[in-house]
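coords.txt follows (compact mmCIF, C-alpha atoms and all ligand atoms):
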```txt
# COMPACT_ATOMS: atom_id res chain seq x y z
CA MET U 1 8.21 34.38 8.84
CA ILE U 2 9.93 35.85 5.84
CA ILE U 3 10.12 34.38 2.36
CA VAL U 4 13.36 35.03 0.53
CA MET U 5 12.92 34.91 -3.23
CA LYS U 6 15.73 33.75 -5.51
CA PRO U 7 17.97 36.51 -6.91
CA LYS U 8 16.21 38.32 -9.77
CA ALA U 9 13.00 36.34 -9.30
CA PRO U 10 10.46 37.51 -11.90
CA LYS U 11 7.61 39.72 -10.77
CA SER U 12 5.11 36.99 -11.64
CA SER U 13 6.68 34.61 -9.09
CA ILE U 14 6.61 37.28 -6.40
CA GLU U 15 2.98 38.05 -7.17
CA HIS U 16 2.15 34.35 -7.08
CA VAL U 17 3.58 34.01 -3.57
CA VAL U 18 1.84 37.20 -2.41
CA GLU U 19 -1.43 35.86 -3.80
CA ILE U 20 -1.11 32.57 -1.88
CA ILE U 21 -0.43 34.46 1.34
CA LYS U 22 -3.31 36.90 0.85
CA SER U 23 -5.76 34.18 -0.11
CA ASN U 24 -5.08 32.67 3.31
CA GLY U 25 -6.16 35.90 4.97
CA LEU U 26 -2.67 37.19 5.79
CA GLU U 27 -0.91 40.44 4.93
CA THR U 28 2.43 40.86 3.18
CA HIS U 29 5.20 43.37 3.50
CA LEU U 30 7.60 43.55 0.56
CA SER U 31 11.21 44.56 0.86
CA GLU U 32 12.60 44.92 -2.63
CA GLY U 33 16.37 44.91 -2.89
CA LYS U 34 18.44 45.25 -6.04
CA GLU U 35 18.82 41.48 -6.39
CA VAL U 36 16.55 39.87 -3.87
CA THR U 37 12.97 40.48 -2.81
CA ILE U 38 11.96 39.52 0.68
CA ILE U 39 8.31 38.98 1.50
CA GLY U 40 7.31 39.45 5.11
CA VAL U 41 4.20 37.64 6.28
CA VAL U 42 2.05 39.48 8.79
CA GLY U 43 -0.47 37.43 10.73
CA ASP U 44 -0.97 33.88 11.91
CA LYS U 45 1.51 31.90 9.79
CA THR U 46 0.00 28.55 10.77
CA ARG U 47 -2.66 29.30 8.14
CA LEU U 48 0.03 28.70 5.51
CA ASN U 49 0.88 25.22 6.77
CA LEU U 50 -0.79 23.51 3.83
CA SER U 51 0.19 25.87 1.06
CA ASN U 52 3.62 24.38 0.21
CA LEU U 53 5.16 27.77 -0.28
CA GLU U 54 8.67 26.35 -0.23
CA ILE U 55 8.09 24.68 -3.59
CA ALA U 56 6.52 27.70 -5.27
CA PRO U 57 8.57 28.91 -8.28
CA ASN U 58 11.61 31.05 -7.42
CA VAL U 59 11.25 30.76 -3.66
CA ASP U 60 14.77 30.43 -2.25
CA LYS U 61 14.01 29.83 1.41
CA ILE U 62 11.50 30.41 4.14
CA VAL U 63 12.97 31.80 7.31
CA PRO U 64 10.85 31.49 10.39
CA ILE U 65 11.51 34.46 12.59
CA THR U 66 10.61 34.09 16.18
CA GLU U 67 9.55 37.68 16.66
CA SER U 68 5.84 38.11 16.07
CA TYR U 69 6.28 41.83 15.49
CA LYS U 70 6.99 42.64 11.88
CA LEU U 71 6.26 46.29 11.28
CA SER U 72 8.46 47.43 14.15
CA ASN U 73 11.14 44.88 13.24
CA ARG U 74 14.46 46.04 11.88
CA LYS U 75 14.65 42.94 9.68
CA PHE U 76 12.01 44.42 7.40
CA HIS U 77 13.10 48.00 7.69
CA PRO U 78 16.86 48.15 8.06
CA GLU U 79 17.15 51.96 8.00
CA PRO U 80 16.44 53.80 11.26
CA THR U 81 13.14 55.66 11.15
CA SER U 82 12.96 59.40 11.54
CA ILE U 83 9.67 60.88 12.70
CA GLN U 84 8.62 64.39 11.80
CA VAL U 85 6.68 66.27 14.47
CA GLY U 86 5.89 69.90 13.69
CA ASN U 87 9.16 71.42 12.55
CA THR U 88 11.37 68.98 14.42
CA SER U 89 12.25 65.36 13.79
CA ILE U 90 12.98 62.47 16.14
CA GLY U 91 15.58 60.07 14.81
CA PRO U 92 19.24 59.43 14.12
CA ASP U 93 20.23 62.99 13.21
CA ASN U 94 19.02 64.70 16.34
CA LEU U 95 19.10 64.53 20.08
CA THR U 96 15.48 65.38 20.90
CA VAL U 97 14.90 66.65 24.40
CA MET U 98 11.35 66.64 25.76
CA ALA U 99 11.06 68.56 29.01
CA GLY U 100 8.38 69.94 31.27
CA PRO U 101 6.39 69.26 34.39
CA CYS U 102 5.05 65.88 35.38
CA ALA U 103 1.56 67.43 35.55
CA ILE U 104 0.16 70.59 34.05
CA GLU U 105 -0.87 72.62 37.10
CA SER U 106 -1.86 76.03 35.71
CA GLU U 107 -1.49 78.14 32.57
CA GLU U 108 1.10 80.42 34.20
CA GLN U 109 3.16 77.48 35.45
CA LEU U 110 3.16 75.75 32.07
CA ILE U 111 4.10 78.86 30.06
CA LEU U 112 6.87 79.71 32.52
CA ILE U 113 8.33 76.20 32.26
CA ALA U 114 7.88 76.09 28.47
CA LYS U 115 9.87 79.31 28.02
CA SER U 116 12.61 78.11 30.31
CA VAL U 117 13.09 74.67 28.73
CA LYS U 118 12.94 76.13 25.25
CA LYS U 119 15.72 78.58 26.11
CA ALA U 120 17.85 75.68 27.32
CA GLY U 121 17.36 73.75 24.06
CA ALA U 122 14.35 71.45 24.47
CA ALA U 123 12.39 70.74 21.29
CA PHE U 124 9.29 69.41 23.05
CA LEU U 125 7.20 70.49 25.99
CA ARG U 126 5.90 67.57 28.01
CA GLY U 127 3.18 67.77 30.64
CA GLY U 128 0.46 65.47 31.87
CA ALA U 129 -3.19 66.48 31.64
CA TYR U 130 -4.44 63.00 32.52
CA LYS U 131 -2.34 61.51 35.30
CA PRO U 132 -2.54 57.77 35.94
CA ARG U 133 -1.64 57.96 39.64
CA THR U 134 -1.01 54.97 41.88
CA SER U 135 -3.46 56.36 44.45
CA PRO U 136 -6.94 57.49 43.37
CA TYR U 137 -6.63 60.32 45.92
CA SER U 138 -3.57 61.88 44.27
CA PHE U 139 -3.90 64.77 41.78
CA GLN U 140 -5.39 63.30 38.59
CA GLY U 141 -4.65 66.17 36.19
CA LEU U 142 -6.52 69.13 34.70
CA GLU U 143 -7.75 67.07 31.74
CA GLU U 144 -9.02 69.15 28.78
CA GLU U 145 -8.31 72.43 30.56
CA GLY U 146 -4.66 71.33 30.82
CA LEU U 147 -4.62 70.46 27.12
CA ARG U 148 -5.78 73.99 26.33
CA TYR U 149 -2.81 75.36 28.26
CA MET U 150 -0.56 73.06 26.24
CA LYS U 151 -1.89 74.57 23.03
CA LYS U 152 -1.26 78.05 24.40
CA ALA U 153 2.29 77.13 25.40
CA GLN U 154 2.86 75.73 21.93
CA GLU U 155 1.60 78.92 20.30
CA GLU U 156 3.73 81.11 22.56
CA THR U 157 6.98 79.17 22.27
CA GLY U 158 6.79 77.13 19.06
CA LEU U 159 7.73 74.00 21.03
CA ALA U 160 6.20 70.72 19.90
CA THR U 161 3.93 69.28 22.60
CA ILE U 162 3.31 65.83 24.03
CA CYS U 163 0.65 64.65 26.50
CA GLU U 164 -0.22 61.28 27.94
CA VAL U 165 -3.56 59.72 27.01
CA ILE U 166 -5.32 57.09 29.08
CA SER U 167 -8.62 56.46 27.29
CA GLU U 168 -10.46 56.90 24.01
CA ALA U 169 -12.04 60.12 25.33
CA SER U 170 -8.65 61.56 26.26
CA ILE U 171 -7.32 60.74 22.77
CA GLU U 172 -10.29 62.52 21.21
CA ALA U 173 -9.50 65.58 23.33
CA ALA U 174 -5.72 65.47 22.91
CA VAL U 175 -5.74 65.38 19.10
CA LYS U 176 -7.32 68.84 19.15
CA TYR U 177 -4.50 70.40 21.15
CA VAL U 178 -1.14 68.58 21.05
CA ASP U 179 1.39 67.31 18.49
CA MET U 180 2.16 63.88 19.93
CA LEU U 181 0.47 61.35 22.19
CA GLN U 182 2.17 59.49 25.02
CA ILE U 183 1.09 56.07 26.20
CA GLY U 184 2.35 55.56 29.71
CA ALA U 185 4.00 52.57 31.34
CA ARG U 186 0.77 51.47 32.99
CA ASN U 187 -1.03 51.31 29.66
CA MET U 188 1.65 49.70 27.52
CA GLN U 189 -0.45 46.59 27.12
CA ASN U 190 -3.84 48.29 26.99
CA PHE U 191 -4.36 46.89 23.52
CA GLN U 192 -7.56 48.77 22.78
CA LEU U 193 -5.86 52.06 23.70
CA LEU U 194 -2.90 51.15 21.47
CA ARG U 195 -5.27 50.55 18.56
CA GLU U 196 -7.05 53.84 19.16
CA ALA U 197 -3.73 55.70 19.34
CA GLY U 198 -2.83 54.02 16.07
CA GLN U 199 -5.95 55.50 14.50
CA SER U 200 -5.46 58.97 15.97
CA GLY U 201 -3.28 60.32 13.17
CA LEU U 202 -0.73 61.66 15.68
CA PRO U 203 2.74 60.27 16.40
CA VAL U 204 2.88 58.16 19.55
CA LEU U 205 5.51 57.85 22.27
CA LEU U 206 5.17 54.39 23.80
CA LYS U 207 6.68 53.98 27.24
CA ARG U 208 7.90 50.62 28.45
CA GLY U 209 5.61 48.81 30.87
CA LEU U 210 6.78 48.48 34.47
CA SER U 211 7.63 44.79 34.08
CA SER U 212 7.54 44.37 30.32
CA THR U 213 10.08 42.53 28.25
CA ILE U 214 11.47 44.11 25.10
CA ASP U 215 9.58 41.56 23.04
CA GLU U 216 6.27 42.54 24.68
CA TRP U 217 7.12 46.21 24.17
CA LEU U 218 7.83 45.80 20.45
CA ASN U 219 4.61 43.82 20.09
CA ALA U 220 2.77 46.72 21.75
CA ALA U 221 4.36 49.08 19.20
CA GLU U 222 3.16 46.66 16.52
CA TYR U 223 -0.46 47.24 17.62
CA ILE U 224 -0.09 50.96 16.90
CA ILE U 225 1.72 50.53 13.58
CA ALA U 226 -0.72 47.84 12.44
CA GLU U 227 -3.42 50.54 12.47
CA GLY U 228 -1.47 52.39 9.78
CA ASN U 229 0.44 54.72 12.10
CA ARG U 230 4.17 54.24 11.55
CA ASN U 231 5.14 57.16 13.75
CA VAL U 232 6.02 55.40 16.97
CA VAL U 233 8.85 56.31 19.36
CA LEU U 234 9.88 53.97 22.20
CA CYS U 235 10.71 55.35 25.64
CA GLU U 236 12.71 53.39 28.21
CA ARG U 237 11.62 54.68 31.63
CA GLY U 238 13.03 52.11 34.02
CA ILE U 239 11.72 48.73 35.01
CA ARG U 240 10.74 47.22 38.32
CA THR U 241 13.52 45.25 40.00
CA TYR U 242 14.44 44.24 43.56
CA GLU U 243 16.43 47.47 43.97
CA THR U 244 14.80 50.07 46.19
CA ALA U 245 17.43 52.83 46.13
CA THR U 246 15.85 54.17 42.96
CA ARG U 247 12.18 54.33 41.97
CA ASN U 248 12.87 51.94 39.07
CA THR U 249 16.01 50.55 37.47
CA LEU U 250 17.05 52.17 34.21
CA ASP U 251 17.60 49.36 31.74
CA ILE U 252 20.25 51.13 29.71
CA SER U 253 20.94 47.97 27.73
CA ALA U 254 17.43 48.34 26.29
CA VAL U 255 18.79 51.14 24.10
CA PRO U 256 21.27 49.08 22.04
CA VAL U 257 18.98 46.05 22.15
CA LEU U 258 16.07 48.05 20.70
CA LYS U 259 18.38 49.60 18.13
CA SER U 260 19.36 46.15 16.91
CA LYS U 261 15.83 44.73 16.92
CA SER U 262 13.83 47.71 15.69
CA HIS U 263 14.07 50.72 13.39
CA LEU U 264 12.00 52.90 15.70
CA PRO U 265 13.58 55.85 17.51
CA VAL U 266 14.38 55.29 21.18
CA ILE U 267 14.35 57.87 23.90
CA VAL U 268 15.14 57.55 27.61
CA ASP U 269 13.32 59.04 30.59
CA PRO U 270 15.83 59.25 33.46
CA SER U 271 13.32 61.05 35.69
CA HIS U 272 10.86 58.17 36.15
CA ALA U 273 13.70 55.66 35.90
CA SER U 274 15.44 57.02 39.00
CA GLY U 275 12.85 59.04 40.89
CA VAL U 276 15.70 61.09 42.33
CA ARG U 277 16.69 64.51 41.00
CA ALA U 278 20.40 63.99 41.65
CA TYR U 279 20.53 60.91 39.42
CA VAL U 280 18.78 62.41 36.42
CA ALA U 281 21.78 64.15 34.83
CA PRO U 282 24.23 61.22 34.99
CA LEU U 283 21.60 58.83 33.59
CA ALA U 284 20.68 61.29 30.84
CA LYS U 285 24.31 61.51 29.71
CA CYS U 286 24.67 57.76 29.84
CA ALA U 287 21.54 57.35 27.67
CA VAL U 288 22.99 59.61 24.97
CA ALA U 289 26.29 57.73 25.09
CA ALA U 290 24.37 54.46 24.69
CA GLY U 291 22.77 55.71 21.46
CA ALA U 292 19.42 57.14 22.54
CA ASP U 293 17.71 59.49 20.07
CA GLY U 294 16.39 61.68 22.83
CA LEU U 295 15.46 62.24 26.44
CA MET U 296 12.31 62.99 28.39
CA ILE U 297 13.03 64.97 31.53
CA GLU U 298 10.75 66.40 34.19
CA VAL U 299 11.40 70.07 35.00
CA HIS U 300 9.45 72.22 37.46
CA ASN U 301 9.56 75.89 38.45
CA ASN U 302 9.22 74.94 42.12
CA PRO U 303 9.80 71.19 42.64
CA PRO U 304 9.07 71.10 46.41
CA CYS U 305 5.54 72.34 45.66
CA ALA U 306 4.92 70.20 42.55
CA LEU U 307 1.57 68.39 42.53
CA SER U 308 3.33 65.27 41.29
CA ASP U 309 6.87 63.89 41.03
CA GLY U 310 8.57 66.87 42.68
CA PRO U 311 11.51 64.79 44.04
CA GLN U 312 12.59 63.78 40.54
CA SER U 313 11.94 67.13 38.84
CA LEU U 314 14.90 69.33 37.91
CA THR U 315 14.90 73.03 38.70
CA PHE U 316 15.39 75.46 35.80
CA ALA U 317 19.04 75.96 36.79
CA GLN U 318 19.68 72.22 36.92
CA PHE U 319 18.06 71.67 33.54
CA ASP U 320 20.10 74.53 32.01
CA GLU U 321 23.26 72.99 33.38
CA LEU U 322 22.39 69.54 32.04
CA ALA U 323 21.44 70.94 28.62
CA LYS U 324 24.83 72.62 28.38
CA GLU U 325 26.59 69.34 29.16
CA LEU U 326 24.40 67.45 26.71
CA LYS U 327 25.66 69.60 23.83
CA ALA U 328 29.04 67.90 24.07
CA TYR U 329 27.45 64.44 24.29
CA ALA U 330 25.26 65.18 21.27
CA ALA U 331 28.26 66.35 19.28
CA LEU U 332 30.22 63.23 20.22
CA SER U 333 27.41 61.05 18.92
CA GLY U 334 26.99 63.10 15.74
CA ARG U 335 23.60 64.51 16.61
CA ASN U 336 22.19 68.02 16.43
CA PHE U 337 21.02 69.51 19.68
C1 LIG K 401 4.82 60.47 32.91
O1 LIG K 401 5.62 60.56 31.96
O2 LIG K 401 4.30 61.44 33.44
C2 LIG K 401 4.51 59.12 33.44
C3 LIG K 401 3.44 58.92 34.21
O3 LIG K 401 5.41 58.21 33.13
P1 LIG K 401 5.36 56.60 33.20
O4 LIG K 401 4.19 56.19 32.40
O5 LIG K 401 6.67 56.22 32.60
O6 LIG K 401 5.26 56.24 34.65
MN MN K 402 5.92 62.05 36.41
```

Show this structure as structure tokens.
Ligand code: PEP
Ligand code: MN
Amino acid sequence: MIIVMKPKAPKSSIEHVVEIIKSNGLETHLSEGKEVTIIGVVGDKTRLNLSNLEIAPNVDKIVPITESYKLSNRKFHPEPTSIQVGNTSIGPDNLTVMAGPCAIESEEQLILIAKSVKKAGAAFLRGGAYKPRTSPYSFQGLEEEGLRYMKKAQEETGLATICEVISEASIEAAVKYVDMLQIGARNMQNFQLLREAGQSGLPVLLKRGLSSTIDEWLNAAEYIIAEGNRNVVLCERGIRTYETATRNTLDISAVPVLKSKSHLPVIVDPSHASGVRAYVAPLAKCAVAAGADGLMIEVHNNPPCALSDGPQSLTFAQFDELAKELKAYAALSGRNF
């Protein structure tokens, strides 16, 4: 819930309300406007049932808000957030393109792809070192060795880097080598992992769970931010529906919905959303038109031989072509690319 103080309420009244909330074991989040101060209550609000806050001096009204997420909520943070990663920022001014292989396969492969996507305009190199595969017999990733190649690619190209983490041990390894952590769809509600990512000190890209609602997703983001890490980016990557023509169904409406409910940047992954190379470019353009702050796209030097997700990976030529087209879309939406 939020407590709206009367216009020009004296500091003492605000402090009194904050004190009542804190003495009940809850946290506050102050939003101080020119006239009105709004106090956000973080935690189990039922603990305040007996504190008669509505009759405290200079309280105007108490607005129960149904969303349990506060720190990721736009109501408390009306301005869109911009997140600095290395020398690039993810947010309303830019169209941030993250591109690279599904899985890191070798040093040569990664450097080759990094150089190619950088030339086309990507700001980030993506690549999985820990692959949460549906089958335990599929390629599981090069783990720390792959992270070392990421670091090399970053040093050679200057691209920011992002890798998925799947456990506490993989976070401990990743923080030594990459600029941003990714939490994958399968781990969106791995609450312990979310907390550990929140403590990692690195920005976090949080993918939407396969069957997660937007409310669940924003609550998952809340877990990370509640650890003191405000640098969270949301990534729509398709949800599971009855449709089988595509790997998942891209929920493009999630982009404007998230923009209205949250201040966090939103990017779209058309590769995992569709699973089909030919659909990646049209969905990417549609994501930018819908207001996405960026894209995550799988690119491979030789997709037919990729160790994972070859059918949805773009070739270098296809990615170049798409990047050229995206320039016009970025310009139309007032973003730098
Ligand atoms: C990935 O980005 O490599 C990945 C596994 O994606 P998702 O978690 O969206 O399936
Ligand atoms: Mn993949």

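One distance worth recording is that between CA of Ala220 (chain U) and CA of Leu258 (chain U), which is 13.4 Å.
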
What are the nearest atom pairs, with distances in Å to one decimal, for all residues of chain U that come at most 9 Å from ligand MN 402 (chain K), using only C-alpha atoms and all ligand atoms, set out by chain and rising residue number as a Markdown table?
```
| residue | atom | partner | partner_atom | distance |
| --- | --- | --- | --- | --- |
| U:Pro101 | CA | K:MN402 | MN | 7.5 |
| U:Cys102 | CA | K:MN402 | MN | 4.1 |
| U:Ala103 | CA | K:MN402 | MN | 7.0 |
| U:Gly127 | CA | K:MN402 | MN | 8.6 |
| U:Gly128 | CA | K:MN402 | MN | 7.9 |
| U:Lys131 | CA | K:MN402 | MN | 8.4 |
| U:Ser271 | CA | K:MN402 | MN | 7.5 |
| U:His272 | CA | K:MN402 | MN | 6.3 |
| U:Gly275 | CA | K:MN402 | MN | 8.8 |
| U:Glu298 | CA | K:MN402 | MN | 6.9 |
| U:Ser308 | CA | K:MN402 | MN | 6.4 |
| U:Asp309 | CA | K:MN402 | MN | 5.1 |
| U:Gly310 | CA | K:MN402 | MN | 8.3 |
| U:Gln312 | CA | K:MN402 | MN | 8.0 |
| U:Ser313 | CA | K:MN402 | MN | 8.2 |
```

With a cut-off of 10 Å, could you pull out the residues of chain U touching ligand LIG 401 (chain K) and give me the nearest pair of atoms for each, distance in Å to one decimal, using all atoms listed in the file, ordered by chain and ascending number, as JSON lines?
```
{"residue": "U:Gly100", "atom": "CA", "partner": "K:LIG401", "partner_atom": "O2", "distance": 9.7}
{"residue": "U:Pro101", "atom": "CA", "partner": "K:LIG401", "partner_atom": "O2", "distance": 8.2}
{"residue": "U:Cys102", "atom": "CA", "partner": "K:LIG401", "partner_atom": "O2", "distance": 4.9}
{"residue": "U:Ala103", "atom": "CA", "partner": "K:LIG401", "partner_atom": "O2", "distance": 6.9}
{"residue": "U:Arg126", "atom": "CA", "partner": "K:LIG401", "partner_atom": "O1", "distance": 8.1}
{"residue": "U:Gly127", "atom": "CA", "partner": "K:LIG401", "partner_atom": "O2", "distance": 7.0}
{"residue": "U:Gly128", "atom": "CA", "partner": "K:LIG401", "partner_atom": "O2", "distance": 5.8}
{"residue": "U:Ala129", "atom": "CA", "partner": "K:LIG401", "partner_atom": "O2", "distance": 9.2}
{"residue": "U:Tyr130", "atom": "CA", "partner": "K:LIG401", "partner_atom": "O2", "distance": 8.9}
{"residue": "U:Lys131", "atom": "CA", "partner": "K:LIG401", "partner_atom": "C3", "distance": 6.4}
{"residue": "U:Pro132", "atom": "CA", "partner": "K:LIG401", "partner_atom": "C3", "distance": 6.3}
{"residue": "U:Arg133", "atom": "CA", "partner": "K:LIG401", "partner_atom": "C3", "distance": 7.5}
{"residue": "U:Thr134", "atom": "CA", "partner": "K:LIG401", "partner_atom": "O6", "distance": 9.7}
{"residue": "U:Ile162", "atom": "CA", "partner": "K:LIG401", "partner_atom": "O1", "distance": 9.8}
{"residue": "U:Cys163", "atom": "CA", "partner": "K:LIG401", "partner_atom": "O1", "distance": 8.4}
{"residue": "U:Glu164", "atom": "CA", "partner": "K:LIG401", "partner_atom": "O2", "distance": 7.1}
{"residue": "U:Gln182", "atom": "CA", "partner": "K:LIG401", "partner_atom": "O1", "distance": 7.8}
{"residue": "U:Ile183", "atom": "CA", "partner": "K:LIG401", "partner_atom": "O4", "distance": 6.9}
{"residue": "U:Gly184", "atom": "CA", "partner": "K:LIG401", "partner_atom": "O4", "distance": 3.3}
{"residue": "U:Ala185", "atom": "CA", "partner": "K:LIG401", "partner_atom": "O4", "distance": 3.8}
{"residue": "U:Arg186", "atom": "CA", "partner": "K:LIG401", "partner_atom": "O4", "distance": 5.9}
{"residue": "U:Asn187", "atom": "CA", "partner": "K:LIG401", "partner_atom": "O4", "distance": 7.7}
{"residue": "U:Met188", "atom": "CA", "partner": "K:LIG401", "partner_atom": "O4", "distance": 8.5}
{"residue": "U:Leu206", "atom": "CA", "partner": "K:LIG401", "partner_atom": "O4", "distance": 8.8}
{"residue": "U:Lys207", "atom": "CA", "partner": "K:LIG401", "partner_atom": "O5", "distance": 5.8}
{"residue": "U:Arg208", "atom": "CA", "partner": "K:LIG401", "partner_atom": "O5", "distance": 7.1}
{"residue": "U:Gly209", "atom": "CA", "partner": "K:LIG401", "partner_atom": "O4", "distance": 7.7}
{"residue": "U:Leu210", "atom": "CA", "partner": "K:LIG401", "partner_atom": "O6", "distance": 7.9}
{"residue": "U:Cys235", "atom": "CA", "partner": "K:LIG401", "partner_atom": "O5", "distance": 8.1}
{"residue": "U:Glu236", "atom": "CA", "partner": "K:LIG401", "partner_atom": "O5", "distance": 8.0}
{"residue": "U:Arg237", "atom": "CA", "partner": "K:LIG401", "partner_atom": "O5", "distance": 5.3}
{"residue": "U:Gly238", "atom": "CA", "partner": "K:LIG401", "partner_atom": "O5", "distance": 7.7}
{"residue": "U:Ile239", "atom": "CA", "partner": "K:LIG401", "partner_atom": "O5", "distance": 9.3}
{"residue": "U:Asn248", "atom": "CA", "partner": "K:LIG401", "partner_atom": "O6", "distance": 9.8}
{"residue": "U:Val268", "atom": "CA", "partner": "K:LIG401", "partner_atom": "O5", "distance": 9.9}
{"residue": "U:Asp269", "atom": "CA", "partner": "K:LIG401", "partner_atom": "O5", "distance": 7.5}
{"residue": "U:Pro270", "atom": "CA", "partner": "K:LIG401", "partner_atom": "O5", "distance": 9.7}
{"residue": "U:Ser271", "atom": "CA", "partner": "K:LIG401", "partner_atom": "O1", "distance": 8.6}
{"residue": "U:His272", "atom": "CA", "partner": "K:LIG401", "partner_atom": "O5", "distance": 5.8}
{"residue": "U:Ala273", "atom": "CA", "partner": "K:LIG401", "partner_atom": "O5", "distance": 7.8}
{"residue": "U:Met296", "atom": "CA", "partner": "K:LIG401", "partner_atom": "O1", "distance": 8.0}
{"residue": "U:Ile297", "atom": "CA", "partner": "K:LIG401", "partner_atom": "O1", "distance": 8.6}
{"residue": "U:Glu298", "atom": "CA", "partner": "K:LIG401", "partner_atom": "O1", "distance": 8.1}
{"residue": "U:Ser308", "atom": "CA", "partner": "K:LIG401", "partner_atom": "O2", "distance": 8.8}
{"residue": "U:Asp309", "atom": "CA", "partner": "K:LIG401", "partner_atom": "O2", "distance": 8.4}
```

Could the residues in this selection be written to a file with C-alpha atoms, as a PDB file, in the frame of the given file?
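Final output, saved to selection-v9.pdb:
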```pdb
ATOM      1  CA  GLY U 100       8.380  69.940  31.270  1.00  0.00           C
ATOM      2  CA  PRO U 101       6.390  69.260  34.390  1.00  0.00           C
ATOM      3  CA  CYS U 102       5.050  65.880  35.380  1.00  0.00           C
ATOM      4  CA  ALA U 103       1.560  67.430  35.550  1.00  0.00           C
ATOM      5  CA  ARG U 126       5.900  67.570  28.010  1.00  0.00           C
ATOM      6  CA  GLY U 127       3.180  67.770  30.640  1.00  0.00           C
ATOM      7  CA  GLY U 128       0.460  65.470  31.870  1.00  0.00           C
ATOM      8  CA  ALA U 129      -3.190  66.480  31.640  1.00  0.00           C
ATOM      9  CA  TYR U 130      -4.440  63.000  32.520  1.00  0.00           C
ATOM     10  CA  LYS U 131      -2.340  61.510  35.300  1.00  0.00           C
ATOM     11  CA  PRO U 132      -2.540  57.770  35.940  1.00  0.00           C
ATOM     12  CA  ARG U 133      -1.640  57.960  39.640  1.00  0.00           C
ATOM     13  CA  THR U 134      -1.010  54.970  41.880  1.00  0.00           C
ATOM     14  CA  ILE U 162       3.310  65.830  24.030  1.00  0.00           C
ATOM     15  CA  CYS U 163       0.650  64.650  26.500  1.00  0.00           C
ATOM     16  CA  GLU U 164      -0.220  61.280  27.940  1.00  0.00           C
ATOM     17  CA  GLN U 182       2.170  59.490  25.020  1.00  0.00           C
ATOM     18  CA  ILE U 183       1.090  56.070  26.200  1.00  0.00           C
ATOM     19  CA  GLY U 184       2.350  55.560  29.710  1.00  0.00           C
ATOM     20  CA  ALA U 185       4.000  52.570  31.340  1.00  0.00           C
ATOM     21  CA  ARG U 186       0.770  51.470  32.990  1.00  0.00           C
ATOM     22  CA  ASN U 187      -1.030  51.310  29.660  1.00  0.00           C
ATOM     23  CA  MET U 188       1.650  49.700  27.520  1.00  0.00           C
ATOM     24  CA  LEU U 206       5.170  54.390  23.800  1.00  0.00           C
ATOM     25  CA  LYS U 207       6.680  53.980  27.240  1.00  0.00           C
ATOM     26  CA  ARG U 208       7.900  50.620  28.450  1.00  0.00           C
ATOM     27  CA  GLY U 209       5.610  48.810  30.870  1.00  0.00           C
ATOM     28  CA  LEU U 210       6.780  48.480  34.470  1.00  0.00           C
ATOM     29  CA  CYS U 235      10.710  55.350  25.640  1.00  0.00           C
ATOM     30  CA  GLU U 236      12.710  53.390  28.210  1.00  0.00           C
ATOM     31  CA  ARG U 237      11.620  54.680  31.630  1.00  0.00           C
ATOM     32  CA  GLY U 238      13.030  52.110  34.020  1.00  0.00           C
ATOM     33  CA  ILE U 239      11.720  48.730  35.010  1.00  0.00           C
ATOM     34  CA  ASN U 248      12.870  51.940  39.070  1.00  0.00           C
ATOM     35  CA  VAL U 268      15.140  57.550  27.610  1.00  0.00           C
ATOM     36  CA  ASP U 269      13.320  59.040  30.590  1.00  0.00           C
ATOM     37  CA  PRO U 270      15.830  59.250  33.460  1.00  0.00           C
ATOM     38  CA  SER U 271      13.320  61.050  35.690  1.00  0.00           C
ATOM     39  CA  HIS U 272      10.860  58.170  36.150  1.00  0.00           C
ATOM     40  CA  ALA U 273      13.700  55.660  35.900  1.00  0.00           C
ATOM     41  CA  MET U 296      12.310  62.990  28.390  1.00  0.00           C
ATOM     42  CA  ILE U 297      13.030  64.970  31.530  1.00  0.00           C
ATOM     43  CA  GLU U 298      10.750  66.400  34.190  1.00  0.00           C
ATOM     44  CA  SER U 308       3.330  65.270  41.290  1.00  0.00           C
ATOM     45  CA  ASP U 309       6.870  63.890  41.030  1.00  0.00           C
TER      46      ASP U 309
END
```

Legend entry - Separation of CA of Gly198 (chain U) from CA of Gly228 (chain U), in Å and rounded to one decimal: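 Result for CA of Gly198 (chain U) versus CA of Gly228 (chain U): 6.6 Å, one decimal.
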
Legend entry - Close residues, Asn231 (chain U) itself excluded, 8 Å, all atoms listed in the file, min 5 positions apart in chain, as a list in words: Ile83, Leu202, Pro203, Val204 and Ile225 of chain U

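With all atoms listed in the file as the basis for measurement, U:Met1 is the residue among U:Lys11, U:Val63, U:Glu172, U:Met1 that approaches Val41 (chain U) most closely.
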
Inset, instruction - Check the smallest atom-to-atom distance from each of U:Asn87, U:Thr28, U:Ser138, U:Asn52 to Leu71 (chain U) using all atoms listed in the file, then report the winner. - result: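 Ranked by minimum distance to Leu71 (chain U), first place goes to U:Thr28.
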
Legend entry - CA of Lys261 (chain U) to CA of Val18 (chain U), straight-line distance in Å: 25.0 Å

Inset, instruction - Starting from the point (13.4, 66.5, 26.5), work out which residues of protein, DNA or RNA have an atom no more than 10 Å away when counting all atoms listed in the file; state them as a list of chain:residue names. - result: U:Leu95, U:Thr96, U:Val97, U:Met98, U:Ala99, U:Gly100, U:Val117, U:Lys118, U:Gly121, U:Ala122, U:Ala123, U:Phe124, U:Leu125, U:Arg126, U:Ile267, U:Val268, U:Asp269, U:Ala284, U:Gly294, U:Leu295, U:Met296, U:Ile297, U:Glu298, U:Val299, U:Phe319, U:Ala323

Legend entry - Close residues, region 76-82 of chain U itself excluded, 9 Å, only C-alpha atoms, min 3 positions apart in chain, as a list in words: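 The neighbour list is Ile2, His29, Leu30, Ser31, Ile38, Ile39, Gly40, Lys70, Leu71, Ser72, Asn73, Ser89, Ile90, Gly91, Pro92, Asp93, Asn231, Lys259, Ser262, His263, Leu264 and Pro265 of chain U.
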